[in-house]
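J.: Right, I'll just put the structure down here and ask away after.
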Protein chains: 2
Amino acid sequence: QAQVLYDFSAEPGNNELTVKEGETVTITNQSIGGGWIEAQNSRGEVGLVPEDYIEVPSFPGAGTTAPTPSFGNVAPPDLSIFDAYAPPAAPAQNQASNGNDPWSVWNADPSGGTNNNWASNPEGTQTGKSAADPWGSISQGHPQAYQGPGAEDDEWDDEWDDMKSTGGYAESESGESGAMQRGGAHASSMKISLNKFPGFSKSGPELYLLCKQLPKGKEKLPIYLGEVGPVWSYPESQLDCVVADPKKGSKMYGLKSYIEYQITPNTTNRPVNHRYKHFDWLYERLLDKFGSAIPIPSLPDKQVTGRFEEEFIKMRMERLQGWMTRMCRHPVVSGSEVFQIFLTYKDEKDWKTGKRKAEKDETVGVMIFSTIEPEAPDLDPVEVEQKCEQFSKFTKAMDDGVKEILTVGQEHWKRCTGPLPKEYQRIGKAFQNLSSVFTSSGYQGESTLTDAMTAAGKTYEEIAQMVAEQPKKDLHFLMETNNEYKGLLGCFPDTIGVHKAAIDKVKEADKLVATSKITPQDKGTMAKRVSTMSYTLQAEMNHFHSNRIYDYNRVMQLYLEEQVKFYETIAEKLRQAHSQFTTM
Amino acid sequence: QAQVLYDFSAEPGNNELTVKEGETVTITNQSIGGGWIEAQNSRGEVGLVPEDYIEVPSFPGAGTTAPTPSFGNVAPPDLSIFDAYAPPAAPAQNQASNGNDPWSVWNADPSGGTNNNWASNPEGTQTGKSAADPWGSISQGHPQAYQGPGAEDDEWDDEWDDMKSTGGYAESESGESGAMQRGGAHASSMKISLNKFPGFSKSGPELYLLCKQLPKGKEKLPIYLGEVGPVWSYPESQLDCVVADPKKGSKMYGLKSYIEYQITPNTTNRPVNHRYKHFDWLYERLLDKFGSAIPIPSLPDKQVTGRFEEEFIKMRMERLQGWMTRMCRHPVVSGSEVFQIFLTYKDEKDWKTGKRKAEKDETVGVMIFSTIEPEAPDLDPVEVEQKCEQFSKFTKAMDDGVKEILTVGQEHWKRCTGPLPKEYQRIGKAFQNLSSVFTSSGYQGESTLTDAMTAAGKTYEEIAQMVAEQPKKDLHFLMETNNEYKGLLGCFPDTIGVHKAAIDKVKEADKLVATSKITPQDKGTMAKRVSTMSYTLQAEMNHFHSNRIYDYNRVMQLYLEEQVKFYETIAEKLRQAHSQFTTM
């Protein structure tokens, strides 16, 4: 006997059971795993219900306190010196780790300082877009029954594989939900950092700035001075991969089913299989490891709107491909161990080992900066701040520009698939109807006109269909690209937030030296490390710009190309219709 | 001192005075004429008010009983024999001639039997179109202060010249108001027939069917058997004319102003000037004389929506041209004396004489059939009825088809001039905005992309403008033509109504012979005359069909031609925009 905590409506055909809050059910199988248990309601119906939705006596709970990890040779600095300092995201974490409230993970605002970041932006006029605030949105999906890094593979929530995209670009979906996912994933990842450094927010740069002695890992991320300024070191040949061939698999004796995708990197040309949850795992690792220095775009959304439709799978695969391509293009990400193991693991054992290794990686959060080595003179803090302001301005402005295109494109999509073709259809019908009236005239020499008018009518019906199908051929890609950039831009507040926090710390440094809370050396170290962070940010911006220029050139060309074809085809069809009328 | 009978709101800038029902005004000048008087209100404001709107002691009134005209050698038949018969439109007439109720002229349904005609149509399913019933509509304009045929030219209502079209094709305007005008004009014309044959409806065919002896006029209208069946005799060279060069004139010391159009027939090549009211006079003469046998389309509507806008004058001229062209194309109309005098009068005196003569013409209403001479064997009444049914079906069906096109076209027009261009504009702006964000990146090698994106954005703004202007270039003519046909088809119920009434009379004939109310000869005469009427209707239908085929061929060609140009231009503009992006 157990109590239902929240309403849950079953997805048809998936062995789930609809339950209402307060309802009492009998647990028939608690060892199903994947965050699900089998229960029977008063009417004798049996089905799966998310664990979190039911008050089970022996419920493991998500809020388990992780063991305080060893810090390797990193000595935790004394932070009492920063009286001003309070870990901004900690409260969110406590919520996030409260397994009994599945929504808190999403409602929580894990980026306290980050919104201020947008706000403190000189350009940051309060637009009416607050609804579009990445952090404001709320999940419409099931709770993530994510068990934390220690959990066994099979206990993972399979439901992640079974979700559907709504396909459109409405604020609720696409960008926003993408951002929401970002927020969610962020929360999870922060839960991990929390476990690693109790009471710390990943975005608190002190750990790196004041670290007495930086870890001596083998990882080295050099930054060079290129034509455009600081740049990452790019590999000879660019990594790329193909996501294809989605296959439906099932487990637990067919109780739960999932989609497996085939990923083939251009390096090995050997395909590996991964499910959505594996992509999500990779995303969390990358976010955790690089998130402070490199904006890691969120995965395609996980919203639940149905299951196993062709279209959804196609759409998700397309978006996973886009995400992977972007990750492959990034010299730091694509070169990382975790990314490589994901693409090239040899067998199940190899993969498991790689997973565990990646999850144990301690060079995460701000510590990533300790591996970065700019081959350039230290930057003056003033210059660092200017650069930072500039990037902050630009990303905010582009975020607005991209959102504008998405809004306009969404409207246009609606019109092209809704009223417009209907209208051309009606025009076509009207011509054909009049034509058939004419046929009934009984007057001689009618046929030439009536045939021509019928043809003209049919032509407008064809045009109607063309109009309705066109967005899939051109607008779709314009939207996908901008949607991707919206997600990407949604990450910058975090990255820039860490940066700004660091700058503020350095500003405090003088006072701290004066009150001899830190030594002048410490201050020098801080300035040097902020300089490193700035080179990182600049290298990242330059990477972003070159990709942006490439992407927008390509997508605009594709869009206009298809538009030209579209209008030419219509013109040709109409020319043929015209030719059927007798010239006088 | 005089009482105001109805509210009247002055058109600005036209020396008019706004008055309210019940208001008392002082008449300052009663001899202004043109159906207007000058009055002063309590606030001392002086201006013109329609005569009919004010209770003037010595008001001439429109309901003057006309002198019973001499019938030449036509003996009025004894109609008491048709017990069933009652003049359907007479009550409307009494109303129409009541000068104190300006609306009755329009509200009156002068075509009692005519609506039944649509209804009695086997195909005549009661459509929801009753709102579109030509006779149902009500004038939104000023009352017609028409003084009857005897009135002096200068006393005519100048306001007819000063009215504006709304330009669109909404039911309220165009077709319907066209039909309304038709109804209105019809009423006026019937007022005249009434004066000529007291107690008679123009559409009562008895006068012709039972006329003891047909008038021996010099007018002869032969009908031949052509390839397509009965046809009018067509002239060697087709008459045509150009309506152009509208000039604003004024009279009464600039108190009232009007537009004068120049009409140049291809026969004389000598231009004559006419004002709208002259066209209207011609229309009434033609309707009065040929209306029973030939559908005479109404003139462009007279709705008042403003004054002296360029566009209105252009639009009215265009429609007057269309109307004149149609009249010129009709062998009977174009050959008639009244039409000729209108086109070719030499001087004012010549014109006045011609007008008087035309107004005295007695071969009007059904008597027109007395001038028609089919060179073909008499038709069997059964065949006559079949033909009539067929035409009735066809015209009704085409009326529906044409209305459908007008409705759809109207919607399309709205979309093309409203939301659609706005959307393309927004797309264009969105591209340009993003482009200017990119320009601010400070990254090298940005310009190629930003220039191209700005160009693409501008292209979509150009497309927006093209979309908004296109309807004027193609849809406009498609709408005008269908609008013209809608008006024309609105006349058929009348013409066919006369025909059906005649057929019914012939059916009654046997009974009448049996009860020896008429002689077998009379019956023979009736059958013969109905046969003549049938030949007339067939000739007219064949004329209609040949014109229809020509008109629709032409307008569809023009429409599609412009549409092709439109889409080709867009494709070309987009191709240029595309070429500006760097190919990779």
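If you're wondering about the labels, chains in the structure tokens are A, B, ... by order shown, residues count from 1 in each chain, ligands from 1 in order shown.
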Can you tell me, as a PyMOL selection string, what residues are no more than 7 Å from region 569-577 of chain A when counting only C-alpha atoms, ignoring any on the same chain fewer than 2 positions away?
T.: (chain A and resi 452+455-456+459+463+565-567+579-580) or (chain B and resi 560+564+567-568)
J.: Would you put the residues from that selection into a file with N, CA and C atoms, as a PDB file, in the first residue's frame?
T.:
ATOM      1  N   ALA A 452      -9.079  25.487 -70.239  1.00  0.00           N
ATOM      2  CA  ALA A 452      -8.029  26.381 -69.746  1.00  0.00           C
ATOM      3  C   ALA A 452      -8.332  26.821 -68.314  1.00  0.00           C
ATOM      4  N   ALA A 455      -7.718  24.055 -65.891  1.00  0.00           N
ATOM      5  CA  ALA A 455      -6.268  23.898 -65.707  1.00  0.00           C
ATOM      6  C   ALA A 455      -5.734  24.980 -64.772  1.00  0.00           C
ATOM      7  N   ALA A 456      -6.179  26.212 -65.000  1.00  0.00           N
ATOM      8  CA  ALA A 456      -5.734  27.322 -64.142  1.00  0.00           C
ATOM      9  C   ALA A 456      -6.134  27.039 -62.691  1.00  0.00           C
ATOM     10  N   THR A 459      -3.955  24.488 -61.232  1.00  0.00           N
ATOM     11  CA  THR A 459      -2.637  25.076 -60.962  1.00  0.00           C
ATOM     12  C   THR A 459      -2.623  25.763 -59.598  1.00  0.00           C
ATOM     13  N   ILE A 463      -0.344  25.109 -56.378  1.00  0.00           N
ATOM     14  CA  ILE A 463       0.398  26.169 -55.686  1.00  0.00           C
ATOM     15  C   ILE A 463       0.086  26.110 -54.190  1.00  0.00           C
ATOM     16  N   LYS A 565      13.926  28.619 -56.069  1.00  0.00           N
ATOM     17  CA  LYS A 565      13.307  27.458 -56.741  1.00  0.00           C
ATOM     18  C   LYS A 565      11.792  27.530 -56.612  1.00  0.00           C
ATOM     19  N   PHE A 566      11.355  27.821 -55.399  1.00  0.00           N
ATOM     20  CA  PHE A 566       9.920  27.869 -55.107  1.00  0.00           C
ATOM     21  C   PHE A 566       9.198  28.840 -56.041  1.00  0.00           C
ATOM     22  N   TYR A 567       9.682  30.070 -56.090  1.00  0.00           N
ATOM     23  CA  TYR A 567       8.998  31.092 -56.900  1.00  0.00           C
ATOM     24  C   TYR A 567       9.137  30.798 -58.390  1.00  0.00           C
ATOM     25  N   SER A 579      -0.701  29.599 -71.048  1.00  0.00           N
ATOM     26  CA  SER A 579      -0.571  29.235 -72.473  1.00  0.00           C
ATOM     27  C   SER A 579      -1.828  28.538 -72.993  1.00  0.00           C
ATOM     28  N   GLN A 580      -2.675  28.042 -72.086  1.00  0.00           N
ATOM     29  CA  GLN A 580      -3.847  27.286 -72.542  1.00  0.00           C
ATOM     30  C   GLN A 580      -4.992  28.179 -72.998  1.00  0.00           C
TER      31      GLN A 580
ATOM     32  N   LEU B 560      -3.110  35.839 -65.334  1.00  0.00           N
ATOM     33  CA  LEU B 560      -1.999  34.885 -65.241  1.00  0.00           C
ATOM     34  C   LEU B 560      -0.700  35.506 -65.733  1.00  0.00           C
ATOM     35  N   VAL B 564       2.587  35.628 -63.464  1.00  0.00           N
ATOM     36  CA  VAL B 564       3.882  35.067 -63.873  1.00  0.00           C
ATOM     37  C   VAL B 564       4.970  36.111 -63.673  1.00  0.00           C
ATOM     38  N   TYR B 567       5.839  36.524 -59.910  1.00  0.00           N
ATOM     39  CA  TYR B 567       6.666  35.483 -59.292  1.00  0.00           C
ATOM     40  C   TYR B 567       8.063  35.442 -59.891  1.00  0.00           C
ATOM     41  N   GLU B 568       8.162  35.739 -61.188  1.00  0.00           N
ATOM     42  CA  GLU B 568       9.487  35.760 -61.813  1.00  0.00           C
ATOM     43  C   GLU B 568      10.341  36.874 -61.205  1.00  0.00           C
TER      44      GLU B 568
END
J.: Given a cut-off of 7 Å, which residues of chain A touch chain B, counting only C-alpha atoms, written out as a PyMOL selection string?
T.: chain A and resi 228+394+397-398+401-402+404-405+408+412+423+426-427+430+433-434+437+441+443-444+449+545+549+553+557+560-561+564+567-568+570-571+574-575+578+581-582
J.: Near region 506-521 of chain B, within 10 Å and counting only C-alpha atoms, which residues show up once chain neighbours fewer than 2 positions away are dropped, as number ranges by chain?
T.: B: 81-82, 206, 209-210, 381, 500-504, 523-530
J.: Take the residues from that selection and write them out as a short mmCIF file (atom, residue, chain, number, x, y, z; two decimals), in the first residue's frame, keeping all heavy atoms.
T.:
data_model
loop_
_atom_site.label_atom_id
_atom_site.label_comp_id
_atom_site.auth_asym_id
_atom_site.auth_seq_id
_atom_site.Cartn_x
_atom_site.Cartn_y
_atom_site.Cartn_z
N ILE B 81 -59.97 40.18 -67.90
CA ILE B 81 -60.11 38.72 -68.10
C ILE B 81 -59.12 37.94 -67.23
O ILE B 81 -59.37 36.81 -66.87
CB ILE B 81 -59.84 38.36 -69.58
CG1 ILE B 81 -58.47 38.93 -70.02
CG2 ILE B 81 -60.96 38.89 -70.46
CD1 ILE B 81 -58.05 38.41 -71.37
N PHE B 82 -57.98 38.57 -66.91
CA PHE B 82 -57.02 37.84 -66.06
C PHE B 82 -57.33 38.10 -64.60
O PHE B 82 -56.76 38.97 -63.98
CB PHE B 82 -55.59 38.29 -66.38
CG PHE B 82 -55.16 37.85 -67.74
CD1 PHE B 82 -54.99 38.77 -68.76
CD2 PHE B 82 -54.94 36.49 -68.00
CE1 PHE B 82 -54.59 38.36 -70.02
CE2 PHE B 82 -54.54 36.10 -69.26
CZ PHE B 82 -54.35 37.02 -70.28
N GLU B 206 -48.70 41.03 -70.85
CA GLU B 206 -50.01 40.98 -71.53
C GLU B 206 -50.13 42.05 -72.59
O GLU B 206 -50.65 41.83 -73.69
CB GLU B 206 -51.15 41.15 -70.52
CG GLU B 206 -51.10 40.16 -69.38
CD GLU B 206 -50.00 40.48 -68.40
OE1 GLU B 206 -49.49 41.61 -68.42
OE2 GLU B 206 -49.60 39.57 -67.64
N LEU B 209 -48.66 40.65 -75.59
CA LEU B 209 -49.28 39.38 -76.03
C LEU B 209 -50.67 39.59 -76.59
O LEU B 209 -51.08 38.95 -77.54
CB LEU B 209 -49.34 38.40 -74.85
CG LEU B 209 -48.00 37.83 -74.36
CD1 LEU B 209 -48.23 36.91 -73.17
CD2 LEU B 209 -47.29 37.08 -75.49
N LEU B 210 -51.43 40.49 -75.98
CA LEU B 210 -52.84 40.63 -76.34
C LEU B 210 -53.12 41.88 -77.16
O LEU B 210 -54.25 42.16 -77.50
CB LEU B 210 -53.68 40.65 -75.06
CG LEU B 210 -53.66 39.34 -74.27
CD1 LEU B 210 -54.16 39.56 -72.86
CD2 LEU B 210 -54.48 38.28 -74.99
N PRO B 381 -44.43 26.08 -78.03
CA PRO B 381 -44.38 26.61 -76.65
C PRO B 381 -43.57 25.71 -75.69
O PRO B 381 -42.88 26.21 -74.82
CB PRO B 381 -45.84 26.65 -76.24
CG PRO B 381 -46.57 26.85 -77.51
CD PRO B 381 -45.80 26.11 -78.56
N LYS B 500 -41.15 34.25 -68.52
CA LYS B 500 -41.94 33.20 -67.85
C LYS B 500 -43.40 33.62 -67.70
O LYS B 500 -44.32 32.84 -67.91
CB LYS B 500 -41.34 32.89 -66.47
CG LYS B 500 -40.05 32.11 -66.56
CD LYS B 500 -39.66 31.49 -65.23
CE LYS B 500 -38.54 30.48 -65.43
NZ LYS B 500 -38.02 29.95 -64.14
N ALA B 501 -43.59 34.90 -67.36
CA ALA B 501 -44.95 35.40 -67.22
C ALA B 501 -45.71 35.19 -68.53
O ALA B 501 -46.84 34.72 -68.53
CB ALA B 501 -44.92 36.88 -66.86
N ALA B 502 -45.02 35.48 -69.64
CA ALA B 502 -45.66 35.32 -70.96
C ALA B 502 -46.02 33.86 -71.18
O ALA B 502 -47.14 33.54 -71.59
CB ALA B 502 -44.71 35.81 -72.04
N ILE B 503 -45.09 32.95 -70.84
CA ILE B 503 -45.36 31.52 -71.03
C ILE B 503 -46.59 31.11 -70.23
O ILE B 503 -47.49 30.43 -70.72
CB ILE B 503 -44.13 30.68 -70.61
CG1 ILE B 503 -42.98 30.90 -71.59
CG2 ILE B 503 -44.49 29.20 -70.52
CD1 ILE B 503 -41.66 30.36 -71.13
N ASP B 504 -46.68 31.62 -69.00
CA ASP B 504 -47.85 31.28 -68.16
C ASP B 504 -49.14 31.75 -68.83
O ASP B 504 -50.14 31.05 -68.86
CB ASP B 504 -47.69 31.91 -66.78
CG ASP B 504 -46.52 31.31 -66.02
OD1 ASP B 504 -46.07 30.22 -66.43
OD2 ASP B 504 -46.04 31.93 -65.06
N LYS B 523 -55.41 33.26 -79.30
CA LYS B 523 -54.48 32.27 -78.74
C LYS B 523 -53.31 32.06 -79.68
O LYS B 523 -52.14 32.07 -79.28
CB LYS B 523 -55.21 30.95 -78.49
CG LYS B 523 -54.34 29.89 -77.83
CD LYS B 523 -54.98 28.52 -77.87
CE LYS B 523 -53.90 27.44 -77.75
NZ LYS B 523 -54.39 26.11 -78.21
N GLY B 524 -53.61 31.93 -80.96
CA GLY B 524 -52.55 31.76 -81.97
C GLY B 524 -51.58 32.91 -81.93
O GLY B 524 -50.35 32.73 -81.89
N THR B 525 -52.15 34.10 -81.84
CA THR B 525 -51.31 35.31 -81.79
C THR B 525 -50.37 35.24 -80.60
O THR B 525 -49.17 35.46 -80.72
CB THR B 525 -52.20 36.57 -81.65
OG1 THR B 525 -53.29 36.44 -82.55
CG2 THR B 525 -51.41 37.83 -81.93
N MET B 526 -50.95 34.89 -79.45
CA MET B 526 -50.14 34.82 -78.23
C MET B 526 -48.99 33.85 -78.43
O MET B 526 -47.82 34.18 -78.16
CB MET B 526 -51.01 34.38 -77.04
CG MET B 526 -51.92 35.46 -76.51
SD MET B 526 -53.04 34.80 -75.26
CE MET B 526 -51.94 34.68 -73.86
N ALA B 527 -49.28 32.64 -78.95
CA ALA B 527 -48.24 31.62 -79.16
C ALA B 527 -47.15 32.18 -80.07
O ALA B 527 -45.95 32.05 -79.79
CB ALA B 527 -48.83 30.36 -79.75
N LYS B 528 -47.58 32.85 -81.12
CA LYS B 528 -46.62 33.41 -82.09
C LYS B 528 -45.72 34.43 -81.41
O LYS B 528 -44.51 34.43 -81.59
CB LYS B 528 -47.39 34.05 -83.25
CG LYS B 528 -46.51 34.47 -84.42
CD LYS B 528 -47.34 35.05 -85.55
CE LYS B 528 -46.49 35.53 -86.71
NZ LYS B 528 -45.48 34.52 -87.13
N ARG B 529 -46.36 35.26 -80.60
CA ARG B 529 -45.59 36.33 -79.96
C ARG B 529 -44.65 35.78 -78.90
O ARG B 529 -43.52 36.26 -78.73
CB ARG B 529 -46.54 37.37 -79.38
CG ARG B 529 -47.27 38.11 -80.49
CD ARG B 529 -48.18 39.20 -80.00
NE ARG B 529 -48.86 39.84 -81.14
CZ ARG B 529 -49.84 40.73 -81.01
NH1 ARG B 529 -50.24 41.09 -79.79
NH2 ARG B 529 -50.40 41.26 -82.07
N VAL B 530 -45.09 34.73 -78.20
CA VAL B 530 -44.19 34.10 -77.23
C VAL B 530 -42.99 33.50 -77.97
O VAL B 530 -41.86 33.58 -77.51
CB VAL B 530 -44.93 33.01 -76.42
CG1 VAL B 530 -43.93 32.12 -75.69
CG2 VAL B 530 -45.87 33.65 -75.42
#
J.: Show which residues sit within 12 Å of His476 (chain B), as a list in words. Count only C-alpha atoms, and ignore same-chain residues fewer than 3 positions away.
T.: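 Everything that qualifies: Gly167, Gly168, Tyr169, Met315, Glu318, Arg319, Leu406, Gly409, Gln410, His412, Trp413, Glu469, Gln470, Pro471, Lys472, Lys473, Met479, Glu480, Thr481, Asn482, Asn483, Val555, Met556, Leu558, Tyr559 and Glu562 of chain B.
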J.: Those residues with C-alpha atoms, as a PDB file, in the first residue's frame please?
T.:
ATOM      1  CA  GLY B 167     -13.383  50.868 -54.535  1.00  0.00           C
ATOM      2  CA  GLY B 168     -13.540  47.436 -52.940  1.00  0.00           C
ATOM      3  CA  TYR B 169     -15.786  44.493 -53.698  1.00  0.00           C
ATOM      4  CA  MET B 315     -12.372  54.147 -60.705  1.00  0.00           C
ATOM      5  CA  GLU B 318     -12.912  52.982 -65.604  1.00  0.00           C
ATOM      6  CA  ARG B 319     -16.286  51.482 -64.758  1.00  0.00           C
ATOM      7  CA  LEU B 406     -15.648  37.832 -55.883  1.00  0.00           C
ATOM      8  CA  GLY B 409     -10.855  37.493 -54.491  1.00  0.00           C
ATOM      9  CA  GLN B 410     -11.917  39.977 -51.844  1.00  0.00           C
ATOM     10  CA  HIS B 412      -7.186  37.435 -51.165  1.00  0.00           C
ATOM     11  CA  TRP B 413      -7.032  41.161 -51.779  1.00  0.00           C
ATOM     12  CA  GLU B 469       0.880  46.405 -54.983  1.00  0.00           C
ATOM     13  CA  GLN B 470       0.241  43.277 -57.035  1.00  0.00           C
ATOM     14  CA  PRO B 471      -3.562  43.094 -56.612  1.00  0.00           C
ATOM     15  CA  LYS B 472      -3.914  46.430 -58.401  1.00  0.00           C
ATOM     16  CA  LYS B 473      -2.051  44.906 -61.340  1.00  0.00           C
ATOM     17  CA  MET B 479     -12.556  41.455 -59.888  1.00  0.00           C
ATOM     18  CA  GLU B 480     -13.810  44.220 -62.177  1.00  0.00           C
ATOM     19  CA  THR B 481     -14.807  41.751 -64.859  1.00  0.00           C
ATOM     20  CA  ASN B 482     -16.582  39.457 -62.444  1.00  0.00           C
ATOM     21  CA  ASN B 483     -18.178  42.443 -60.781  1.00  0.00           C
ATOM     22  CA  VAL B 555      -9.168  38.574 -68.163  1.00  0.00           C
ATOM     23  CA  MET B 556      -7.709  35.177 -67.244  1.00  0.00           C
ATOM     24  CA  LEU B 558      -4.151  39.130 -68.203  1.00  0.00           C
ATOM     25  CA  TYR B 559      -4.344  37.809 -64.671  1.00  0.00           C
ATOM     26  CA  GLU B 562       0.783  39.451 -64.405  1.00  0.00           C
TER      27      GLU B 562
END
J.: CA of His278 (chain A) and CA of Asp361 (chain A) are how many Å apart?
T.: 17.3 Å
J.: Just how far from CA of Gly35 (chain B) is CA of Ala244 (chain B), in Å to one decimal?
T.: 27.9 Å
J.: Write out as number ranges by chain each polymer residue whose atoms come within 8 Å of Asp240 (chain A), counting only C-alpha atoms; drop sequence neighbours fewer than 6 positions from it.
T.: A: 265-267, 325, 328-329
J.: Could you list, as a PyMOL selection string, every residue within 10 Å of region 339-348 of chain A, counting only C-alpha atoms and ignoring same-chain residues fewer than 5 positions away?
T.: chain A and resi 241+263-274+278-279+281-283+285-286+324+327-328+332-334+353-355+358
J.: Just want the 8 Å neighbourhood of region 36-45 of chain B, counted on only C-alpha atoms, with same-chain residues fewer than 4 positions away dropped. Output as a VMD selection string.
T.: chain B and resid 17 19 24 to 32 49 to 51 157
J.: Restrict the selected residues to N, CA, C and O atoms and save them as an mmCIF file, in the first residue's frame.
T.:
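Here's the written file selection24.cif:
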data_model
loop_
_atom_site.group_PDB
_atom_site.id
_atom_site.type_symbol
_atom_site.label_atom_id
_atom_site.label_comp_id
_atom_site.auth_asym_id
_atom_site.auth_seq_id
_atom_site.Cartn_x
_atom_site.Cartn_y
_atom_site.Cartn_z
ATOM 1 N N LEU B 17 -25.320 71.558 -45.367
ATOM 2 C CA LEU B 17 -25.651 71.848 -43.971
ATOM 3 C C LEU B 17 -26.150 70.570 -43.299
ATOM 4 O O LEU B 17 -27.046 69.903 -43.825
ATOM 5 N N VAL B 19 -28.311 68.605 -40.825
ATOM 6 C CA VAL B 19 -29.562 68.888 -40.096
ATOM 7 C C VAL B 19 -30.075 67.606 -39.435
ATOM 8 O O VAL B 19 -29.752 66.507 -39.887
ATOM 9 N N THR B 24 -35.874 72.786 -36.778
ATOM 10 C CA THR B 24 -36.518 73.829 -37.580
ATOM 11 C C THR B 24 -35.443 74.698 -38.219
ATOM 12 O O THR B 24 -34.505 75.114 -37.545
ATOM 13 N N VAL B 25 -35.559 74.911 -39.518
ATOM 14 C CA VAL B 25 -34.584 75.741 -40.230
ATOM 15 C C VAL B 25 -35.307 76.838 -41.013
ATOM 16 O O VAL B 25 -36.499 76.729 -41.278
ATOM 17 N N THR B 26 -34.538 77.859 -41.360
ATOM 18 C CA THR B 26 -35.105 78.930 -42.192
ATOM 19 C C THR B 26 -34.620 78.747 -43.620
ATOM 20 O O THR B 26 -33.420 78.585 -43.843
ATOM 21 N N ILE B 27 -35.530 78.707 -44.553
ATOM 22 C CA ILE B 27 -35.137 78.532 -45.946
ATOM 23 C C ILE B 27 -34.658 79.872 -46.496
ATOM 24 O O ILE B 27 -35.382 80.868 -46.491
ATOM 25 N N THR B 28 -33.401 79.914 -46.919
ATOM 26 C CA THR B 28 -32.816 81.188 -47.372
ATOM 27 C C THR B 28 -32.824 81.277 -48.900
ATOM 28 O O THR B 28 -32.813 82.357 -49.457
ATOM 29 N N ASN B 29 -32.845 80.136 -49.575
ATOM 30 C CA ASN B 29 -32.934 80.161 -51.038
ATOM 31 C C ASN B 29 -33.545 78.867 -51.548
ATOM 32 O O ASN B 29 -32.940 77.808 -51.478
ATOM 33 N N GLN B 30 -34.779 78.958 -52.055
ATOM 34 C CA GLN B 30 -35.509 77.760 -52.448
ATOM 35 C C GLN B 30 -35.331 77.487 -53.937
ATOM 36 O O GLN B 30 -35.665 76.419 -54.441
ATOM 37 N N SER B 31 -34.766 78.477 -54.652
ATOM 38 C CA SER B 31 -34.695 78.342 -56.123
ATOM 39 C C SER B 31 -33.302 77.909 -56.575
ATOM 40 O O SER B 31 -32.825 78.306 -57.624
ATOM 41 N N ILE B 32 -32.640 77.101 -55.716
ATOM 42 C CA ILE B 32 -31.301 76.646 -56.102
ATOM 43 C C ILE B 32 -31.394 75.540 -57.132
ATOM 44 O O ILE B 32 -30.610 75.447 -58.069
ATOM 45 N N VAL B 49 -29.327 71.708 -48.347
ATOM 46 C CA VAL B 49 -29.952 70.500 -47.804
ATOM 47 C C VAL B 49 -30.831 69.912 -48.917
ATOM 48 O O VAL B 49 -31.439 70.665 -49.684
ATOM 49 N N PRO B 50 -30.884 68.574 -49.034
ATOM 50 C CA PRO B 50 -31.761 68.012 -50.072
ATOM 51 C C PRO B 50 -33.213 68.419 -49.820
ATOM 52 O O PRO B 50 -33.703 68.320 -48.697
ATOM 53 N N GLU B 51 -33.853 68.875 -50.874
ATOM 54 C CA GLU B 51 -35.244 69.319 -50.840
ATOM 55 C C GLU B 51 -36.123 68.336 -50.067
ATOM 56 O O GLU B 51 -36.836 68.703 -49.145
ATOM 57 N N ASP B 157 -30.422 66.341 -60.028
ATOM 58 C CA ASP B 157 -29.634 66.253 -58.811
ATOM 59 C C ASP B 157 -28.149 66.157 -59.158
ATOM 60 O O ASP B 157 -27.688 65.184 -59.730
#
J.: According to DSSP computed on the backbone, where in region 225-470 of chain B is there alpha helix (DSSP H)? Give the residues as a ChimeraX atom specification.
T.: /B:276-290,310-329,331-335,337-344,348-360,381-417,419-439,447-470
J.: Using Å and a single decimal, report how far CA of Ala293 (chain A) sits from CA of Val231 (chain A).
T.: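 According to the coordinates, CA of Val231 (chain A) and CA of Ala293 (chain A) are separated by 13.4 Å.
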